[in-house]
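> File target_34.txt below, compact mmCIF, C-alpha atoms:
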# COMPACT_ATOMS: atom_id res chain seq x y z
CA MET A 1 71.09 112.39 79.44
CA ALA A 2 74.78 112.36 78.56
CA ASN A 3 76.99 109.42 79.39
CA VAL A 4 79.39 109.59 82.34
CA LEU A 5 83.01 108.53 82.61
CA VAL A 6 84.16 105.61 84.74
CA LEU A 7 87.78 104.74 85.51
CA LEU A 8 88.93 101.15 85.89
CA THR A 9 92.07 99.09 85.55
CA CYS A 10 93.10 95.75 84.14
CA ASP A 11 96.37 93.88 83.85
CA GLY A 12 98.96 94.21 81.09
CA ASN A 13 97.03 91.68 78.99
CA MET A 14 93.81 93.73 79.20
CA VAL A 15 92.12 91.27 81.59
CA SER A 16 90.38 92.55 84.73
CA SER A 17 90.42 90.85 88.12
CA ASN A 18 87.07 89.19 87.38
CA GLY A 19 88.32 87.71 84.09
CA VAL A 20 86.77 90.16 81.64
CA ARG A 21 88.97 90.71 78.57
CA TRP A 22 88.79 94.38 77.68
CA PRO A 23 89.20 95.85 74.19
CA LYS A 24 91.56 98.79 73.61
CA SER A 25 88.53 100.69 72.35
CA GLY A 26 84.86 100.07 71.72
CA TYR A 27 81.95 98.26 73.29
CA VAL A 28 82.13 95.69 76.09
CA SER A 29 79.39 94.03 78.15
CA ALA A 30 79.31 92.02 81.35
CA PRO A 31 78.51 88.35 80.76
CA ASP A 32 77.18 88.06 84.33
CA TRP A 33 75.14 91.29 84.72
CA ASP A 34 73.04 91.45 87.88
CA PRO A 35 71.47 94.83 88.80
CA GLU A 36 71.35 94.03 92.53
CA PRO A 37 73.36 96.59 94.55
CA VAL A 38 76.03 94.10 95.65
CA CYS A 39 79.58 93.59 94.41
CA GLY A 40 79.83 91.19 91.49
CA GLY A 41 77.60 90.69 88.49
CA GLY A 42 78.83 93.47 86.23
CA LEU A 43 81.66 95.72 85.20
CA HIS A 44 83.12 97.80 88.06
CA GLY A 45 84.98 101.09 88.33
CA LEU A 46 85.17 104.56 89.85
CA LEU A 47 82.64 107.14 88.70
CA ARG A 48 84.52 110.15 87.26
CA GLY A 49 87.69 108.45 88.50
CA GLU A 50 86.88 109.42 92.07
CA GLY A 51 87.04 106.97 94.93
CA ASP A 52 89.18 104.38 96.61
CA HIS A 53 92.43 103.83 94.70
CA ASP A 54 92.85 100.52 96.56
CA LEU A 55 90.16 99.13 94.23
CA LEU A 56 92.43 99.68 91.23
CA ASP A 57 95.46 97.79 89.94
CA MET A 58 98.46 99.92 90.91
CA ARG A 59 101.09 97.67 89.32
CA HIS A 60 103.46 99.36 86.89
CA ASP A 61 102.15 97.37 83.89
CA ALA A 62 98.44 97.91 84.60
CA ASN A 63 96.25 99.42 81.91
CA TRP A 64 94.05 102.34 82.97
CA LEU A 65 90.75 102.51 81.10
CA VAL A 66 88.24 105.33 80.86
CA CYS A 67 84.80 104.14 79.81
CA SER A 68 81.67 105.96 78.72
CA VAL A 69 78.63 104.62 80.57
CA ASP A 70 74.90 105.35 80.46
CA PRO A 71 74.22 106.87 83.93
CA VAL A 72 70.77 105.26 84.07
CA ARG A 73 72.44 101.82 84.08
CA ILE A 74 74.90 102.58 86.91
CA VAL A 75 74.47 100.89 90.30
CA ASN A 76 76.19 102.73 93.16
CA LEU A 77 78.13 100.44 95.48
CA ASN A 78 79.38 103.10 97.93
CA GLY A 79 82.90 103.82 96.73
CA LYS A 80 82.62 102.22 93.31
CA VAL A 81 79.95 101.62 90.70
CA LYS A 82 78.90 98.72 88.52
CA PHE A 83 77.22 98.69 85.14
CA PRO A 84 76.22 96.17 82.45
CA GLU A 85 77.98 97.69 79.44
CA CYS A 86 80.17 100.54 78.32
CA GLU A 87 82.38 101.91 75.59
CA VAL A 88 86.13 102.06 76.18
CA VAL A 89 87.20 105.57 75.14
CA HIS A 90 90.77 105.69 76.50
CA VAL A 91 93.49 103.22 77.50
CA GLY A 92 96.77 104.36 78.97
CA ASP A 93 98.64 104.81 82.22
CA ILE A 94 97.43 106.42 85.45
CA LYS A 95 98.44 109.92 84.37
CA SER A 96 96.93 109.79 80.88
CA ALA A 97 93.65 108.39 82.23
CA ALA A 98 93.39 111.12 84.89
CA ASN A 99 94.20 113.76 82.27
CA TYR A 100 91.57 112.34 79.89
CA ILE A 101 88.92 112.56 82.61
CA HIS A 102 90.07 116.06 83.60
CA SER A 103 89.89 117.45 80.08
CA SER A 104 86.65 115.65 79.21
CA LEU A 105 84.80 116.91 82.26
CA GLY A 106 86.07 120.47 81.95
CA TYR A 107 87.48 120.76 85.46
CA PRO A 108 89.40 123.96 86.25
CA ARG A 109 93.10 123.77 85.38
CA ASN A 110 94.22 123.38 89.00
CA TYR A 111 91.60 120.79 90.02
CA ASN A 112 91.60 117.09 89.16
CA PRO A 113 89.86 114.78 91.68
CA ALA A 114 90.41 111.63 89.60
CA VAL A 115 92.75 108.97 90.97
CA GLY A 116 96.14 109.85 89.50
CA GLY A 117 95.17 113.48 88.97
CA ARG A 118 96.98 116.39 90.44
CA ALA A 119 96.16 119.85 91.68
CA ASP A 120 98.60 122.69 91.13
CA SER A 121 99.17 125.35 93.73
CA GLY A 122 101.26 128.46 93.91
CA GLU A 123 103.22 130.03 96.70
CA SER A 124 102.05 128.90 100.16
CA GLY A 125 99.60 126.45 98.62
CA ARG A 126 97.33 129.06 97.03
CA SER A 127 95.64 128.04 93.80
CA VAL A 128 97.30 129.21 90.61
What would the structure in this file look like if it were written as structure tokens?


Amino acid sequence: MANVLVLLTCDGNMVSSNGVRWPKSGYVSAPDWDPEPVCGGGLHGLLRGEGDHDLLDMRHDANWLVCSVDPVRIVNLNGKVKFPECEVVHVGDIKSAANYIHSSLGYPRNYNPAVGGRADSGESGRSV
């Protein structure tokens, strides 16, 4: 089974809200992994970049990370997911992260459900 993409954010120093220091690329693991389906005890993000943007750092200096995660290890927390380990495959701003997810998942040109993505429409809102 192929890995899936998860979107998450951290501050300008590459530290997440739970104190994890993220690399600009490569492997990272949660020091406190707990597979129970409750918040905490793992790395957290939005599967395919879809979900509640309020769970992300929207400050102008935030880093937006796209991570490759083994789907078997993902725990669904209704609106976000947690996982024990991942590989950071992209770091950038909100737009570049959404575009990375869009191009990696092969969405149609005018469809991007990831936080920060956009959908293009033509005259009267019809798809182009």

> Which is closest to Leu55 (chain A) among A:Gly79, A:Pro84, A:Pro35, A:Gly92, if we use only C-alpha atoms?

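Looking only at the distances to Leu55 (chain A), the closest residue turns out to be A:Gly79.
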
> Just how far from CA of Cys86 (chain A) is CA of Cys10 (chain A), in Å to one decimal?

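Value for the CA of Cys10 (chain A)-CA of Cys86 (chain A) distance: 15.0 Å.
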
> Do you have the CA of Cys39 (chain A)-CA of Tyr100 (chain A) distance handy?

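Taking CA of Cys39 (chain A) as the start and CA of Tyr100 (chain A) as the end point, the length is 26.6 Å.
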
> For Ser104 (chain A), which residue out of A:Ser29, A:Asn18, A:Thr9, A:Ser68 is the nearest one, using only C-alpha atoms?

A:Ser68

> Using Å and a single decimal, report how far CA of Arg21 (chain A) sits from CA of Gly49 (chain A).

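The value is 20.4 Å.
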
> Report as a short mmCIF file (atom, residue, chain, number, x, y, z; two decimals) with C-alpha atoms, keeping the file's coordinate frame all protein, DNA and RNA residues lying within 12 Å of Val15 (chain A), evaluated on all atoms listed in the file, omitting residues in the same chain fewer than 4 positions from it.


data_model
loop_
_atom_site.label_atom_id
_atom_site.label_comp_id
_atom_site.auth_asym_id
_atom_site.auth_seq_id
_atom_site.Cartn_x
_atom_site.Cartn_y
_atom_site.Cartn_z
CA LEU A 8 88.93 101.15 85.89
CA THR A 9 92.07 99.09 85.55
CA CYS A 10 93.10 95.75 84.14
CA ASP A 11 96.37 93.88 83.85
CA GLY A 19 88.32 87.71 84.09
CA VAL A 20 86.77 90.16 81.64
CA ARG A 21 88.97 90.71 78.57
CA TRP A 22 88.79 94.38 77.68
CA PRO A 23 89.20 95.85 74.19
CA LYS A 24 91.56 98.79 73.61
CA LEU A 43 81.66 95.72 85.20
CA ASP A 57 95.46 97.79 89.94
CA ASP A 61 102.15 97.37 83.89
CA ALA A 62 98.44 97.91 84.60
CA ASN A 63 96.25 99.42 81.91
CA TRP A 64 94.05 102.34 82.97
CA LEU A 65 90.75 102.51 81.10
#

> Dig up all the protein and nucleic acid residues within 10 Å of (84.9, 104.4, 95.6) in the file frame, using all atoms listed in the file, and format them as a list in words.

Gly45, Leu46, Leu47, Gly49, Glu50, Gly51, Asp52, His53, Asp54, Leu55, Leu56, Asn76, Leu77, Asn78, Gly79, Lys80 and Val81 of chain A

> Could you please take those selected residues and save C-alpha atoms as a short mmCIF file (atom, residue, chain, number, x, y, z; two decimals), keeping the file's coordinate frame?


data_model
loop_
_atom_site.label_atom_id
_atom_site.label_comp_id
_atom_site.auth_asym_id
_atom_site.auth_seq_id
_atom_site.Cartn_x
_atom_site.Cartn_y
_atom_site.Cartn_z
CA GLY A 45 84.98 101.09 88.33
CA LEU A 46 85.17 104.56 89.85
CA LEU A 47 82.64 107.14 88.70
CA GLY A 49 87.69 108.45 88.50
CA GLU A 50 86.88 109.42 92.07
CA GLY A 51 87.04 106.97 94.93
CA ASP A 52 89.18 104.38 96.61
CA HIS A 53 92.43 103.83 94.70
CA ASP A 54 92.85 100.52 96.56
CA LEU A 55 90.16 99.13 94.23
CA LEU A 56 92.43 99.68 91.23
CA ASN A 76 76.19 102.73 93.16
CA LEU A 77 78.13 100.44 95.48
CA ASN A 78 79.38 103.10 97.93
CA GLY A 79 82.90 103.82 96.73
CA LYS A 80 82.62 102.22 93.31
CA VAL A 81 79.95 101.62 90.70
#

> May I ask which of the residues A:Gly40, A:Pro71, A:Gly106, A:Gly116 is the closest one to Met58 (chain A), counting all atoms listed in the file?

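Looking at the shortest contact to Met58 (chain A), the residue is A:Gly116.
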
> Go through A:Arg73, A:Ser25, A:Ser103, A:Lys82 one by one, measure the shortest atom-to-atom distance of each to Gly41 (chain A) using only C-alpha atoms, and give the residue with the smallest value.

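Nearest to Gly41 (chain A): A:Lys82.
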
> Nearest to Gly42 (chain A): which of A:Val88, A:Leu5, A:Cys67, A:Ile74 is it, counting only C-alpha atoms?

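Checking each candidate against Gly42 (chain A), we get A:Ile74 as the closest.
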